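What's in data.cif: mmCIF, C-alpha atoms
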data_run
loop_
_atom_site.label_atom_id
_atom_site.label_comp_id
_atom_site.auth_asym_id
_atom_site.auth_seq_id
_atom_site.Cartn_x
_atom_site.Cartn_y
_atom_site.Cartn_z
CA MET H 1 -154.74 -82.48 29.06
CA PRO H 2 -155.80 -85.90 27.70
CA GLU H 3 -152.87 -87.83 29.15
CA THR H 4 -153.40 -86.72 32.75
CA ALA H 5 -157.17 -87.09 32.31
CA PHE H 6 -156.62 -90.74 31.36
CA LEU H 7 -154.44 -91.36 34.42
CA ASP H 8 -157.01 -89.66 36.65
CA ALA H 9 -159.80 -91.84 35.21
CA VAL H 10 -157.87 -95.06 35.83
CA LEU H 11 -156.94 -93.98 39.35
CA ALA H 12 -160.56 -93.11 40.12
CA TRP H 13 -161.64 -96.56 38.99
CA LEU H 14 -159.01 -98.29 41.09
CA ALA H 15 -159.90 -96.17 44.11
CA GLY H 16 -163.46 -97.41 43.82
CA LEU H 17 -164.82 -93.93 43.05
CA THR H 18 -166.26 -95.00 39.71
CA GLY H 19 -166.57 -98.72 40.17
CA PRO H 20 -166.05 -101.64 42.56
CA ALA H 21 -162.37 -102.31 41.92
CA ALA H 22 -162.13 -104.17 45.28
CA LEU H 23 -158.36 -104.29 45.51
CA LEU H 24 -157.07 -106.81 48.05
CA PRO H 25 -154.86 -106.21 49.84
CA ALA H 26 -155.98 -102.58 49.90
CA PRO H 27 -153.14 -100.26 48.89
CA ALA H 28 -151.92 -97.69 51.40
CA LEU H 29 -150.73 -95.53 48.49
CA LEU H 30 -152.49 -95.24 45.14
CA GLY H 31 -151.45 -92.57 42.67
CA ILE H 32 -148.47 -91.25 40.72
CA SER H 33 -146.01 -90.94 43.62
CA GLU H 34 -143.61 -93.74 44.45
CA PRO H 35 -143.50 -95.06 48.03
CA ALA H 36 -140.87 -93.51 50.28
CA ALA H 37 -141.70 -95.06 53.67
CA LEU H 38 -142.87 -98.37 55.09
CA THR H 39 -146.26 -96.79 55.84
CA ASP H 40 -146.74 -96.27 52.09
CA LEU H 41 -146.86 -100.04 51.46
CA PRO H 42 -148.49 -101.71 49.70
CA ALA H 43 -148.52 -99.17 46.87
CA VAL H 44 -149.80 -98.89 43.31
CA VAL H 45 -148.13 -96.32 41.05
CA LEU H 46 -149.38 -95.39 37.59
CA SER H 47 -147.43 -93.70 34.80
CA LEU H 48 -147.32 -93.55 31.02
CA ASP H 49 -144.42 -95.28 29.31
CA ALA H 50 -145.57 -93.93 25.94
CA ALA H 51 -148.41 -91.77 24.66
CA GLN H 52 -149.35 -90.16 21.38
CA ARG H 53 -152.26 -88.11 20.13
CA LEU H 54 -153.77 -89.74 17.08
CA GLY H 55 -153.35 -88.14 13.67
CA ALA H 56 -155.28 -85.64 11.61
CA GLY H 57 -158.88 -86.48 10.93
CA LEU H 58 -159.41 -87.88 14.42
CA GLY H 59 -157.93 -85.35 16.85
CA GLU H 60 -159.82 -82.37 18.22
CA ARG H 61 -163.04 -83.09 16.39
CA ALA H 62 -166.06 -81.21 17.67
CA MET H 63 -169.80 -81.82 17.69
CA LEU H 64 -172.79 -79.85 18.85
CA VAL H 65 -174.64 -81.44 21.76
CA SER H 66 -178.19 -80.42 22.60
CA GLY H 67 -181.25 -81.84 24.30
CA SER H 68 -179.27 -82.89 27.35
CA ALA H 69 -177.86 -81.20 30.46
CA LEU H 70 -174.39 -79.80 31.18
CA PRO H 71 -173.71 -78.49 34.70
CA TRP H 72 -171.61 -75.32 34.49
CA ALA H 73 -170.08 -72.84 36.91
CA ALA H 74 -169.27 -69.16 36.49
CA ALA H 75 -167.35 -66.79 38.77
CA ILE H 76 -168.03 -63.06 38.43
CA ASP H 77 -166.03 -60.34 40.14
CA LEU H 78 -168.59 -57.91 41.54
CA ALA H 79 -166.01 -55.13 41.61
CA ARG H 80 -165.55 -55.50 37.84
CA PRO H 81 -168.47 -57.56 36.48
CA VAL H 82 -167.36 -57.96 32.85
CA LEU H 83 -166.36 -60.80 30.54
CA ALA H 84 -162.71 -61.25 29.62
CA ASP H 85 -163.48 -61.05 25.90
CA GLU H 86 -166.09 -58.28 26.27
CA PRO H 87 -164.57 -55.81 28.77
CA GLY H 88 -166.83 -53.01 27.57
CA PHE H 89 -170.06 -54.75 28.53
CA ASN H 90 -171.20 -54.62 32.16
CA LEU H 91 -172.97 -57.77 33.34
CA LEU H 92 -174.56 -55.95 36.27
CA SER H 93 -177.32 -53.34 35.98
CA PRO H 94 -176.80 -49.84 37.45
CA ASP H 95 -179.02 -50.68 40.44
CA ARG H 96 -176.93 -53.88 40.98
CA ARG H 97 -180.02 -56.06 41.11
CA THR H 98 -179.97 -57.65 37.64
CA LEU H 99 -177.02 -59.82 36.64
CA THR H 100 -176.54 -61.28 33.16
CA LEU H 101 -174.82 -64.67 33.21
CA PRO H 102 -172.23 -65.54 30.54
CA HIS H 103 -174.71 -68.03 29.06
CA GLY H 104 -178.40 -68.13 28.33
CA GLY H 105 -180.80 -70.98 27.71
CA LEU H 106 -180.68 -72.32 31.25
CA LYS H 107 -182.23 -75.72 31.87
CA ARG H 108 -183.38 -77.74 34.80
CA ALA H 109 -181.03 -80.39 36.19
CA ASP H 110 -182.87 -83.10 34.23
CA GLY H 111 -182.44 -81.17 30.96
CA SER H 112 -186.05 -80.01 30.70
CA ASP H 113 -187.06 -76.43 29.87
CA GLY H 114 -186.08 -73.80 32.42
CA GLY H 115 -188.93 -71.44 31.51
CA ASP H 116 -188.79 -67.79 30.54
CA GLY H 117 -189.02 -64.48 32.33
CA SER H 118 -192.73 -64.88 33.05
CA ASP H 119 -192.64 -68.57 33.92
CA SER H 120 -189.48 -69.53 35.78
CA LYS H 121 -189.21 -73.25 36.49
CA LEU H 122 -185.76 -73.20 38.06
CA GLY H 123 -185.33 -74.24 41.67
CA PRO H 124 -182.47 -74.89 44.12
CA ALA H 125 -181.58 -78.15 42.34
CA ASP H 126 -181.13 -76.29 39.05
CA LEU H 127 -179.43 -73.05 40.09
CA SER H 128 -177.13 -71.99 42.90
CA VAL H 129 -175.90 -68.45 43.53
CA ARG H 130 -173.46 -67.58 46.29
CA VAL H 131 -171.51 -64.50 47.34
CA GLY H 132 -169.06 -65.36 50.11
CA ALA H 133 -170.98 -67.16 52.84
CA THR H 134 -174.36 -65.97 51.50
CA LEU H 135 -176.32 -68.56 49.54
CA PHE H 136 -179.31 -66.99 47.80
CA THR H 137 -182.67 -68.74 47.83
CA VAL H 138 -183.98 -69.45 44.33
CA VAL H 139 -187.63 -68.41 43.93
CA SER H 140 -190.12 -68.22 41.06
CA ALA H 141 -191.91 -65.09 42.30
CA ALA H 142 -190.64 -61.56 42.85
CA PRO H 143 -187.52 -61.97 45.00
CA ALA H 144 -187.01 -60.42 48.44
CA ALA H 145 -183.67 -59.72 50.11
CA GLY H 146 -181.54 -62.87 50.11
CA GLN H 147 -183.49 -64.32 47.18
CA VAL H 148 -182.90 -64.59 43.42
CA ARG H 149 -185.15 -65.29 40.46
CA ALA H 150 -183.88 -66.46 37.06
CA ASP H 151 -185.00 -65.61 33.56
CA ALA H 152 -183.77 -68.91 32.16
CA ALA H 153 -184.26 -68.08 28.48
CA ILE H 154 -181.77 -65.20 28.47
CA GLY H 155 -179.70 -66.16 31.51
CA GLN H 156 -180.50 -63.19 33.74
CA LEU H 157 -180.75 -63.19 37.52
CA LEU H 158 -182.93 -60.74 39.44
CA PHE H 159 -182.00 -60.18 43.09
CA GLY H 160 -184.25 -58.85 45.83
CA ALA H 161 -181.57 -56.42 47.05
CA PRO H 162 -178.52 -54.81 45.41
CA LEU H 163 -175.41 -56.96 45.22
CA PRO H 164 -172.34 -55.78 47.17
CA ALA H 165 -169.73 -53.57 45.54
CA SER H 166 -167.04 -56.26 45.80
CA GLY H 167 -166.59 -59.98 46.23
CA MET H 168 -166.89 -63.00 43.95
CA LEU H 169 -170.28 -64.27 42.87
CA GLN H 170 -170.30 -68.01 42.23
CA ALA H 171 -173.13 -69.27 40.03
CA GLY H 172 -173.86 -72.89 39.20
CA TYR H 173 -176.39 -73.61 36.49
CA VAL H 174 -177.34 -76.10 33.79
CA LEU H 175 -177.10 -75.63 30.03
CA GLY H 176 -178.88 -77.51 27.27
CA GLN H 177 -176.47 -76.89 24.39
CA TRP H 178 -172.70 -77.02 24.10
CA GLU H 179 -169.74 -78.18 21.99
CA ARG H 180 -167.97 -81.43 22.69
CA ARG H 181 -164.38 -81.75 21.49
CA VAL H 182 -162.72 -85.16 21.49
CA THR H 183 -158.96 -85.83 21.51
CA PRO H 184 -158.06 -89.52 21.05
CA ILE H 185 -154.76 -90.79 22.44
CA ALA H 186 -153.01 -94.15 22.53
CA GLY H 187 -149.98 -95.53 24.28
CA THR H 188 -148.67 -97.71 27.08
CA LEU H 189 -149.80 -97.56 30.71
CA ARG H 190 -147.22 -98.66 33.27
CA ILE H 191 -148.30 -100.09 36.62
CA ASP H 192 -145.76 -100.57 39.40
CA VAL H 193 -147.00 -102.46 42.45
CA TYR H 194 -144.88 -102.38 45.64
CA GLY H 195 -145.30 -104.73 48.59
CA ALA H 196 -143.51 -105.30 51.88
CA ASP H 197 -142.70 -108.80 50.62
CA GLY H 198 -142.98 -110.76 47.40
CA ALA H 199 -146.34 -112.33 48.26
CA ALA H 200 -147.94 -108.93 48.91
CA ALA H 201 -146.59 -107.48 45.65
CA ALA H 202 -147.82 -110.48 43.65
CA ALA H 203 -151.28 -110.52 45.24
CA LEU H 204 -151.93 -106.80 44.79
CA SER H 205 -150.51 -106.85 41.27
CA GLY H 206 -152.95 -109.61 40.32
CA ALA H 207 -155.89 -107.70 41.82
CA VAL H 208 -154.99 -104.53 39.92
CA LEU H 209 -154.63 -106.36 36.60
CA ARG H 210 -157.93 -108.18 37.06
CA ALA H 211 -159.68 -104.88 37.82
CA LEU H 212 -158.24 -103.21 34.73
CA THR H 213 -158.46 -106.00 32.17
CA ASP H 214 -162.15 -106.49 33.05
CA VAL H 215 -163.02 -102.78 32.91
CA SER H 216 -165.43 -101.51 30.25
CA ALA H 217 -166.00 -98.20 28.48
CA ALA H 218 -169.09 -97.70 30.61
CA GLN H 219 -166.96 -97.82 33.75
CA ILE H 220 -164.15 -95.57 32.49
CA ARG H 221 -165.71 -93.03 30.17
CA GLY H 222 -163.74 -92.59 26.97
CA LEU H 223 -161.82 -95.87 27.27
CA ARG H 224 -161.58 -97.71 23.96
CA LYS H 225 -158.91 -100.31 24.70
CA LEU H 226 -156.92 -101.55 27.69
CA ALA H 227 -155.03 -104.78 27.15
CA LEU H 228 -152.15 -106.44 29.00
CA ALA H 229 -148.95 -106.22 26.93
CA GLN H 230 -146.27 -107.29 29.42
CA ILE H 231 -145.97 -108.42 33.03
CA GLY H 232 -142.67 -108.79 34.82
CA PRO H 233 -141.44 -110.85 37.78
CA VAL H 234 -141.40 -109.71 41.38
CA ALA H 235 -138.11 -107.87 41.64
CA GLY H 236 -135.71 -107.97 44.55
CA THR H 237 -135.65 -105.57 47.47
CA ASP H 238 -135.67 -101.92 46.36
CA ALA H 239 -133.73 -99.83 48.89
CA ALA H 240 -134.89 -96.59 47.24
CA HIS H 241 -138.53 -97.41 47.97
CA ALA H 242 -138.76 -98.50 51.61
CA SER H 243 -137.01 -101.83 50.81
CA ALA H 244 -140.16 -102.95 48.98
CA ARG H 245 -140.56 -105.73 46.41
CA ARG H 246 -141.87 -104.50 43.06
CA ARG H 247 -143.79 -106.02 40.18
CA SER H 248 -144.36 -104.04 36.96
CA ALA H 249 -146.84 -104.46 34.11
CA LEU H 250 -147.50 -102.67 30.83
CA LEU H 251 -150.95 -102.25 29.26
CA ALA H 252 -151.70 -100.92 25.77
CA PHE H 253 -154.50 -98.36 25.81
CA GLU H 254 -156.68 -96.21 23.57
CA TYR H 255 -158.64 -93.38 25.14
CA GLU H 256 -160.82 -90.49 23.98
CA HIS H 257 -160.68 -87.36 26.09
CA GLU H 258 -163.83 -85.24 25.99
CA ILE H 259 -163.96 -81.50 26.65
CA ASN H 260 -167.40 -79.93 26.97
CA ARG H 261 -167.58 -76.15 26.52
CA PRO H 262 -170.72 -74.07 26.01
CA ASP H 263 -169.37 -71.91 23.18
CA SER H 264 -172.77 -71.87 21.46
CA SER H 265 -174.99 -71.73 24.54
CA GLY H 266 -176.52 -68.29 24.68
CA GLY H 267 -173.99 -65.64 25.49
CA VAL H 268 -174.18 -61.92 25.94
CA ILE H 269 -175.50 -60.06 22.89
CA GLN H 270 -173.94 -56.63 22.81
CA ARG H 271 -175.03 -55.42 19.38
CA VAL H 272 -177.19 -56.74 16.55
CA ALA H 273 -176.54 -55.81 12.93
CA ILE H 274 -179.67 -54.60 11.11
CA ALA H 275 -180.06 -54.32 7.35
CA THR H 276 -182.96 -52.34 5.82
CA ARG H 277 -184.57 -52.47 2.40
CA VAL H 278 -187.33 -50.30 0.97
CA ASP H 279 -189.80 -51.96 -1.42
CA ALA H 280 -192.82 -50.53 -3.18
CA ARG H 281 -196.13 -51.17 -1.43
CA PRO H 282 -198.48 -53.50 -3.36
CA ASP H 283 -201.26 -50.88 -3.29
CA GLN H 284 -199.01 -48.19 -4.74
CA PRO H 285 -198.06 -48.55 -8.43
CA THR H 286 -194.45 -48.13 -9.28
CA GLN H 287 -193.85 -44.97 -11.26
CA VAL H 288 -191.73 -45.42 -14.37
CA PRO H 289 -190.05 -42.22 -15.55
#
This entry written out as structure tokens:
Amino acid sequence: MPETAFLDAVLAWLAGLTGPAALLPAPALLGISEPAALTDLPAVVLSLDAAQRLGAGLGERAMLVSGSALPWAAAIDLARPVLADEPGFNLLSPDRRTLTLPHGGLKRADGSDGGDGSDSKLGPADLSVRVGATLFTVVSAAPAAGQVRADAAIGQLLFGAPLPASGMLQAGYVLGQWERRVTPIAGTLRIDVYGADGAAAAALSGAVLRALTDVSAAQIRGLRKLALAQIGPVAGTDAAHASARRRSALLAFEYEHEINRPDSSGGVIQRVAIATRVDARPDQPTQVP
């Protein structure tokens, strides 16, 4: 959901996973859980004081994305290799060597063309196929046992030996077309910083606020606004949280949560409707009664 996605993005930034937050002193606890022991200090706790999804005309808008690359993963039960919405169509051929993926139009990891059945350009960086502990080797020629070859255009995999009768097949591949839905939200982010003493709480609180007020949309994807709205004093000893000293701050935010789903990327074609029409041939005159 957008609200937890926003919290996760801010936490990732502060943890240095998506940028050099460089928090000093380094927190022993960073997340959504309050400190309960002395070993949890210093701590940074994030929560939302208020949040709302913006009104009609902005929420849940969708756009078609193409010409790029979307990594995707599919899990197929080899004991019942069907799609949830197409239970009558078997993804696996009778000889258990040809598997149809839920999506076609596979691409290379850089978004370039993945080739067709006669010219496969996919390699290990573009496709991974695993059943249990067995990782299949991706090849461009006729596959042997333990190998797989992809027809990227239609999303079919050809194996050198029959797949087992049971187990989960995990496939990772890249798509070149998908839908992107955006849900914008706005609200108030609360930051509680706990320290063993007042100086530690004040120092870490300042480091966190500097890291967040200087952050850009390029560093937290989807961020549109993050501005300090209120900062409180260092409170007295909090017996409920390891006798820590706490300082709280509120930041107003605006954030756009993106969901990428390949609803329009290939897919299994079970039946095609055909319409016929009979016209007179040009070399045969039409007979008028």
Residue contacts of Asn90 in chain H (12 Å, all atoms listed in the file) excluding same-chain residues fewer than 2 positions away, as a list in words: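 Returned residues: Ile76, Asp77, Leu78, Ala79, Arg80, Pro81, Val82, Leu83, Ala84, Asp85, Glu86, Pro87, Gly88, Leu92, Ser93, Pro94, Arg96, Thr98, Leu99, Thr100, Leu101, Pro102, Val268, Ile269 and Gln270 of chain H.
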How many Å separate CA of Ser120 in chain H from CA of Arg149 in chain H? 7.7 Å
Contacts of range 173-189 of chain H within 7 Å, all atoms listed in the file, excl. fewer than 3 positions in-chain, as a PyMOL selection string: chain H and resi 2+47-54+58-73+105-109+111+126-128+250-265
Could you write out the selected residues, including C-alpha atoms, as a PDB file, keeping the file's coordinate frame?
ATOM      1  CA  PRO H   2    -155.800 -85.900  27.700  1.00  0.00           C
ATOM      2  CA  SER H  47    -147.430 -93.700  34.800  1.00  0.00           C
ATOM      3  CA  LEU H  48    -147.320 -93.550  31.020  1.00  0.00           C
ATOM      4  CA  ASP H  49    -144.420 -95.280  29.310  1.00  0.00           C
ATOM      5  CA  ALA H  50    -145.570 -93.930  25.940  1.00  0.00           C
ATOM      6  CA  ALA H  51    -148.410 -91.770  24.660  1.00  0.00           C
ATOM      7  CA  GLN H  52    -149.350 -90.160  21.380  1.00  0.00           C
ATOM      8  CA  ARG H  53    -152.260 -88.110  20.130  1.00  0.00           C
ATOM      9  CA  LEU H  54    -153.770 -89.740  17.080  1.00  0.00           C
ATOM     10  CA  LEU H  58    -159.410 -87.880  14.420  1.00  0.00           C
ATOM     11  CA  GLY H  59    -157.930 -85.350  16.850  1.00  0.00           C
ATOM     12  CA  GLU H  60    -159.820 -82.370  18.220  1.00  0.00           C
ATOM     13  CA  ARG H  61    -163.040 -83.090  16.390  1.00  0.00           C
ATOM     14  CA  ALA H  62    -166.060 -81.210  17.670  1.00  0.00           C
ATOM     15  CA  MET H  63    -169.800 -81.820  17.690  1.00  0.00           C
ATOM     16  CA  LEU H  64    -172.790 -79.850  18.850  1.00  0.00           C
ATOM     17  CA  VAL H  65    -174.640 -81.440  21.760  1.00  0.00           C
ATOM     18  CA  SER H  66    -178.190 -80.420  22.600  1.00  0.00           C
ATOM     19  CA  GLY H  67    -181.250 -81.840  24.300  1.00  0.00           C
ATOM     20  CA  SER H  68    -179.270 -82.890  27.350  1.00  0.00           C
ATOM     21  CA  ALA H  69    -177.860 -81.200  30.460  1.00  0.00           C
ATOM     22  CA  LEU H  70    -174.390 -79.800  31.180  1.00  0.00           C
ATOM     23  CA  PRO H  71    -173.710 -78.490  34.700  1.00  0.00           C
ATOM     24  CA  TRP H  72    -171.610 -75.320  34.490  1.00  0.00           C
ATOM     25  CA  ALA H  73    -170.080 -72.840  36.910  1.00  0.00           C
ATOM     26  CA  GLY H 105    -180.800 -70.980  27.710  1.00  0.00           C
ATOM     27  CA  LEU H 106    -180.680 -72.320  31.250  1.00  0.00           C
ATOM     28  CA  LYS H 107    -182.230 -75.720  31.870  1.00  0.00           C
ATOM     29  CA  ARG H 108    -183.380 -77.740  34.800  1.00  0.00           C
ATOM     30  CA  ALA H 109    -181.030 -80.390  36.190  1.00  0.00           C
ATOM     31  CA  GLY H 111    -182.440 -81.170  30.960  1.00  0.00           C
ATOM     32  CA  ASP H 126    -181.130 -76.290  39.050  1.00  0.00           C
ATOM     33  CA  LEU H 127    -179.430 -73.050  40.090  1.00  0.00           C
ATOM     34  CA  SER H 128    -177.130 -71.990  42.900  1.00  0.00           C
ATOM     35  CA  LEU H 250    -147.500-102.670  30.830  1.00  0.00           C
ATOM     36  CA  LEU H 251    -150.950-102.250  29.260  1.00  0.00           C
ATOM     37  CA  ALA H 252    -151.700-100.920  25.770  1.00  0.00           C
ATOM     38  CA  PHE H 253    -154.500 -98.360  25.810  1.00  0.00           C
ATOM     39  CA  GLU H 254    -156.680 -96.210  23.570  1.00  0.00           C
ATOM     40  CA  TYR H 255    -158.640 -93.380  25.140  1.00  0.00           C
ATOM     41  CA  GLU H 256    -160.820 -90.490  23.980  1.00  0.00           C
ATOM     42  CA  HIS H 257    -160.680 -87.360  26.090  1.00  0.00           C
ATOM     43  CA  GLU H 258    -163.830 -85.240  25.990  1.00  0.00           C
ATOM     44  CA  ILE H 259    -163.960 -81.500  26.650  1.00  0.00           C
ATOM     45  CA  ASN H 260    -167.400 -79.930  26.970  1.00  0.00           C
ATOM     46  CA  ARG H 261    -167.580 -76.150  26.520  1.00  0.00           C
ATOM     47  CA  PRO H 262    -170.720 -74.070  26.010  1.00  0.00           C
ATOM     48  CA  ASP H 263    -169.370 -71.910  23.180  1.00  0.00           C
ATOM     49  CA  SER H 264    -172.770 -71.870  21.460  1.00  0.00           C
ATOM     50  CA  SER H 265    -174.990 -71.730  24.540  1.00  0.00           C
TER      51      SER H 265
END
Check the smallest atom-to-atom distance from each of H:Ala9, H:Ala125, H:Ala249, H:Leu228 to Val193 in chain H using only C-alpha atoms, then report the winner.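 Under the stated criterion, the closest residue is H:Ala249.
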Please expand the PyMOL selection byres ((chain H and resi 139) around 12) into the concrete residues it hits in this file, giving the result as a PyMOL selection string. chain H and resi 119-129+136-138+140-151+157-160
Could you pull the residues within 7 Å of Asp192 in chain H, counting only C-alpha atoms, minus those fewer than 6 positions along the same chain, as a list in words?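 That gives Val44, Val45, Leu46, Arg246, Arg247, Ser248 and Ala249 of chain H.
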Have a look at H:Ala152, H:Ser33, H:Arg245, H:Ser216 and name the one nearest to Asp113 in chain H; count only C-alpha atoms. H:Ala152
H:Ala239, H:Ile220, H:Ala207, H:Leu226: which is nearest Trp13 in chain H, counting all atoms listed in the file? H:Ile220
Distance of CA of Glu3 in chain H from CA of Leu223 in chain H, expressed in Å to one decimal place: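 Interatomic distance, CA of Leu223 in chain H to CA of Glu3 in chain H: 12.2 Å.
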Figure out the distance between CA of Leu29 in chain H and CA of Ala43 in chain H, please, to one decimal in Å.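 One can read the CA of Ala43 in chain H to CA of Leu29 in chain H distance as 4.6 Å.
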Ranking H:Ala203, H:Leu30, H:Leu41, H:Gly132 by minimum distance to Gly16 in chain H and counting all atoms listed in the file, which one comes first?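 Selected residue with least distance to Gly16 in chain H: H:Leu30.
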Selection under test: the PyMOL selection byres ((chain H and resi 164) around 10); residues as a ChimeraX atom specification: /H:78-79,96-97,131,161-163,165-169
Return as AutoDock Vina command-line options the box centre and box size in Å, one decimal, for an axis-aligned box around all listed atoms of range 195-207 of chain H padded by 4 Å per side.
--center_x -149.3 --center_y -108.5 --center_z 46.1 --size_x 21.2 --size_y 15.6 --size_z 19.6
Taking (-141.2, -111.5, 43.2) in the file's coordinates as the center, which residues reach within 7 Å of it, counting only C-alpha atoms, put as number ranges by chain? H: 198, 202, 233-236, 245, 247
Which of these residues is nearest to Ala28 in chain H, using all atoms listed in the file: H:Ala196, H:Leu209, H:Ala218, H:Ile191?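 The answer is H:Ala196, which sits nearest to Ala28 in chain H.
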Pick from H:Ala242, H:Ala217, H:Ile154, H:Gly232: nearest to Asp197 in chain H, with only C-alpha atoms counted?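 Of H:Ala242, H:Ala217, H:Ile154, H:Gly232, the one nearest Asp197 in chain H, counting only C-alpha atoms, is H:Ala242.
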